[in-house]
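What follows is a single structure, written as C-alpha cells, with notes after it.
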2 protein chains.
Amino acid sequence: MKMHNPPHPGEVLRELCFEPLGITVTAAAKALGISRKTLSAILNGKAGISPEMALRLSKAFDTSPESWLNQQMHYDIWQAEKVHKDLKVQKLAVA
Amino acid sequence: MKMHNPPHPGEVLRELCFEPLGITVTAAAKALGISRKTLSAILNGKAGISPEMALRLSKAFDTSPESWLNQQMHYDIWQAEKVHKDLKVQKLAVA
DNA sequence: ACACGTGAAACGTATCACGTTACGTTCATT
DNA sequence: AATGAACGTAACGTGATACGTTTCACGTGT
C-alpha cells in the first residue's frame with residue numbers, strides 16, 4: 001500500500017473543521033488555549049501536530065487524538081521517505 | 001477504548017526483534033547505520049522512535065514504518081494525557 | 001590480569017514546537 | 001477617510017528531543 005502525497009494535517013484541519021464552522025483563527029486559537037501564531041503555523045503547513053496539540057483537537061472536536069496523529073504520522077513518513085531515499089540498512093530478520 | 005500503560009516501543013523492539021535474533025546492540029546499531037548510543041537509548045526507553053528510525057527498522061525487519069510509529073504514537077498520547085491532565089479546551093464542534 | 005562488550009553519562013549540534021512581540025496587509029464597519 | 005479586526009509572517013528566546021563522539025564503569029570470557 002502506497003501513500004501518494006498525503007496532505008498536510010493542517011490543511012485537513014482547516015478544510016474539515018474550521019471552514020465549516022466559520023470560526024476565525026484568532027478565536028479558535030483562544031478556544032484551544034494556544035497562541036494564534038501556533039495555530040496559524042499548523043494551518044499553513046509550517047508546523048506539525050504535536051501529541052499535546054492532538055489532545056487539544058480531540059477535546060475541541062470530540063474526536064480521538066489518534067486520528068490527528070495518524071495523519072501526522074503518514075505525512076512524516078512520506079516526508080522521511082523523500083528525504084532519506086538512499087538509506088542503507090542491512091536486513092536483520094530472515095527473509 | 002482506553003490505553004493502559006502502553007509499553008515503550010524500545011522495549012518491544014528489544015523483546016520482539018533483538019532478543020530472538022541474539023544480536024548485540026553494537027552489531028544491530030552498525031547494521032541500522034546509527035550509533036550504539038542512539039540504539040541503546042531507544043532500547044532503554046530514553047529516546048523515542050523518530051520517523052527516520054522507523055524507516056530504518058522497517059527496512060531491517062521487513063515491516064512497515066507505520067507499525068513502529070503507531071506504537072510510538074500511542075505511547076506519546078498516553079504520556080501527553082498523563083502530563084496534560086488539566087487541559088482546558090473549549091468545545092468547538094456541536095455535540 | 002587483560003581485553004572486550006555493554007550500559008550510561010557528559011558534551012555538543014541540529015531540529016522543532018511553542019510563546020511573546022511586532023510589523024504590514026487586507027477587509028469591513030464607522 | 002479612518003479605525004479596528006483578522007491574518008500571515010518575521011525575530012527572538014526557551015525547552016524538548018534526536019543524534020553523534022567520547023569516555024567511564026561494570027561485567028564476562030580468555
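Chain labels A, B, ... are given in the sequence in which chains occur in the C-alpha cells; within each chain residues are numbered consecutively from 1, and ligands are likewise numbered from 1 in the order shown.
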
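For chain C, the residues close to chain A, meaning within 9 Å and counting only C-alpha atoms (C1' of nucleotides), are DC16, DA17, DC18 and DG19 of chain C.
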
Q: Please provide the set of residues having any atom within 10 Å of DT26 in chain C, restricted to only C-alpha atoms (C1' of nucleotides), with same-chain residues fewer than 2 positions apart removed, written as a list in words.
A: DG24 and DA28 of chain C; DA6 and DC7 of chain D

**Q.** Residues of chain D within 10 Å of chain B, only C-alpha atoms (C1' of nucleotides) counted, as a ChimeraX atom specification
**A.** /D:17-21

Q: Could you give me, as JSON, numbers by chain, the residues within 12 Å of Leu43 in chain A, counting only C-alpha atoms (C1' of nucleotides) and dropping anything in the same chain fewer than 6 positions from it?
A: {"A": [7, 8, 9, 10, 11, 12, 13, 14, 15, 16, 17, 18, 19, 24, 25, 28, 29, 36, 37, 49], "D": [7, 8]}

Q. When the cut-off is 8 Å and we count only C-alpha atoms, which residues of chain A are near chain B, given as a PyMOL selection string?
A. chain A and resi 21+28+31-33+51-52+55-56+59-62+65-66+69-70+73-74+76-77+80-81+84+87-93+95

Restricting it to C-alpha atoms, dump the selection as an mmCIF file, in the first residue's frame.
data_model
loop_
_atom_site.group_PDB
_atom_site.id
_atom_site.type_symbol
_atom_site.label_atom_id
_atom_site.label_comp_id
_atom_site.auth_asym_id
_atom_site.auth_seq_id
_atom_site.Cartn_x
_atom_site.Cartn_y
_atom_site.Cartn_z
ATOM 1 C CA LEU A 21 -17.626 26.289 11.466
ATOM 2 C CA ALA A 28 -10.048 29.093 17.505
ATOM 3 C CA ALA A 31 -10.541 28.262 22.394
ATOM 4 C CA LEU A 32 -7.756 25.727 22.034
ATOM 5 C CA GLY A 33 -5.640 27.574 24.556
ATOM 6 C CA PRO A 51 0.888 14.960 20.739
ATOM 7 C CA GLU A 52 -0.285 17.746 23.006
ATOM 8 C CA LEU A 55 -5.084 16.148 22.635
ATOM 9 C CA ARG A 56 -6.434 19.673 22.341
ATOM 10 C CA LYS A 59 -11.225 17.668 23.079
ATOM 11 C CA ALA A 60 -12.379 20.550 20.933
ATOM 12 C CA PHE A 61 -13.848 18.397 18.191
ATOM 13 C CA ASP A 62 -14.837 15.316 20.173
ATOM 14 C CA PRO A 65 -6.110 12.096 19.410
ATOM 15 C CA GLU A 66 -5.055 9.121 17.313
ATOM 16 C CA LEU A 69 -1.546 11.970 14.993
ATOM 17 C CA ASN A 70 -2.183 9.270 12.414
ATOM 18 C CA MET A 73 2.490 10.123 11.077
ATOM 19 C CA HIS A 74 1.664 9.352 7.468
ATOM 20 C CA ASP A 76 6.049 12.403 8.430
ATOM 21 C CA ILE A 77 6.785 9.014 6.909
ATOM 22 C CA ALA A 80 11.137 10.962 5.613
ATOM 23 C CA GLU A 81 10.996 8.658 2.605
ATOM 24 C CA HIS A 84 16.132 9.609 3.144
ATOM 25 C CA LEU A 87 19.034 4.817 3.399
ATOM 26 C CA LYS A 88 21.457 1.939 3.626
ATOM 27 C CA VAL A 89 20.249 -0.543 6.192
ATOM 28 C CA GLN A 90 21.191 -4.194 6.482
ATOM 29 C CA LYS A 91 18.428 -6.744 6.785
ATOM 30 C CA LEU A 92 18.360 -8.250 10.245
ATOM 31 C CA ALA A 93 15.452 -10.640 10.059
ATOM 32 C CA ALA A 95 13.723 -13.065 4.541
#

(Q) Taking 3 positions as the minimum chain separation for residues in the same chain, which residues sit within 10 Å of range 11-13 of chain D when counting only C-alpha atoms (C1' of nucleotides)? Answer as a ChimeraX atom specification. (A) /C:19-22

Mind writing the picked residues with C-alpha atoms (C1' of nucleotides) as a short mmCIF file (atom, residue, chain, number, x, y, z; two decimals), in the first residue's frame?
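Writing done, so here's result14.cif:
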data_model
loop_
_atom_site.label_atom_id
_atom_site.label_comp_id
_atom_site.auth_asym_id
_atom_site.auth_seq_id
_atom_site.Cartn_x
_atom_site.Cartn_y
_atom_site.Cartn_z
"C1'" DG C 19 5.29 31.60 23.37
"C1'" DT C 20 5.65 36.79 23.14
"C1'" DT C 21 6.18 40.80 20.49
"C1'" DA C 22 5.93 43.38 16.40
#

Q | Distance query DT23 in chain D at most 12 Å, only C-alpha atoms (C1' of nucleotides), self and fewer than 3 positions along chain excluded, as a PyMOL selection string | A | chain C and resi 8-11

Put those residues in a file: N, CA and C atoms (P, O5', C5', C4', C3', O3' and C1' of nucleotides), as a PDB file, in the first residue's frame.
ATOM      1  P    DA C   8      21.236   1.510  30.931  1.00  0.00           P
ATOM      2  O5'  DA C   8      22.189   2.754  31.231  1.00  0.00           O
ATOM      3  C5'  DA C   8      23.124   2.665  32.300  1.00  0.00           C
ATOM      4  C4'  DA C   8      24.010   3.896  32.306  1.00  0.00           C
ATOM      5  C3'  DA C   8      23.272   5.209  31.983  1.00  0.00           C
ATOM      6  O3'  DA C   8      23.629   6.186  32.932  1.00  0.00           O
ATOM      7  C1'  DA C   8      25.198   5.009  30.676  1.00  0.00           C
ATOM      8  P    DA C   9      22.602   7.401  33.188  1.00  0.00           P
ATOM      9  O5'  DA C   9      23.597   8.632  33.409  1.00  0.00           O
ATOM     10  C5'  DA C   9      24.822   8.455  34.107  1.00  0.00           C
ATOM     11  C4'  DA C   9      25.917   9.298  33.474  1.00  0.00           C
ATOM     12  C3'  DA C   9      25.475  10.720  33.116  1.00  0.00           C
ATOM     13  O3'  DA C   9      26.196  11.665  33.891  1.00  0.00           O
ATOM     14  C1'  DA C   9      26.731   9.708  31.352  1.00  0.00           C
ATOM     15  P    DA C  10      25.821  13.218  33.792  1.00  0.00           P
ATOM     16  O5'  DA C  10      26.951  13.815  32.835  1.00  0.00           O
ATOM     17  C5'  DA C  10      28.301  13.429  33.028  1.00  0.00           C
ATOM     18  C4'  DA C  10      29.171  14.083  31.962  1.00  0.00           C
ATOM     19  C3'  DA C  10      28.745  15.512  31.586  1.00  0.00           C
ATOM     20  O3'  DA C  10      29.887  16.343  31.471  1.00  0.00           O
ATOM     21  C1'  DA C  10      28.751  14.156  29.650  1.00  0.00           C
ATOM     22  P    DC C  11      29.697  17.929  31.301  1.00  0.00           P
ATOM     23  O5'  DC C  11      29.758  18.151  29.722  1.00  0.00           O
ATOM     24  C5'  DC C  11      30.899  17.705  29.003  1.00  0.00           C
ATOM     25  C4'  DC C  11      30.678  17.895  27.521  1.00  0.00           C
ATOM     26  C3'  DC C  11      29.933  19.197  27.161  1.00  0.00           C
ATOM     27  O3'  DC C  11      30.737  19.989  26.312  1.00  0.00           O
ATOM     28  C1'  DC C  11      29.081  17.331  25.966  1.00  0.00           C
TER      29       DC C  11
END

Q: Would you mind writing down, as a PyMOL selection string, each residue of chain B that DSSP on the backbone assigns to helix (DSSP H, G or I)?
A: chain B and resi 9-21+25-32+36-43+51-61+65-83
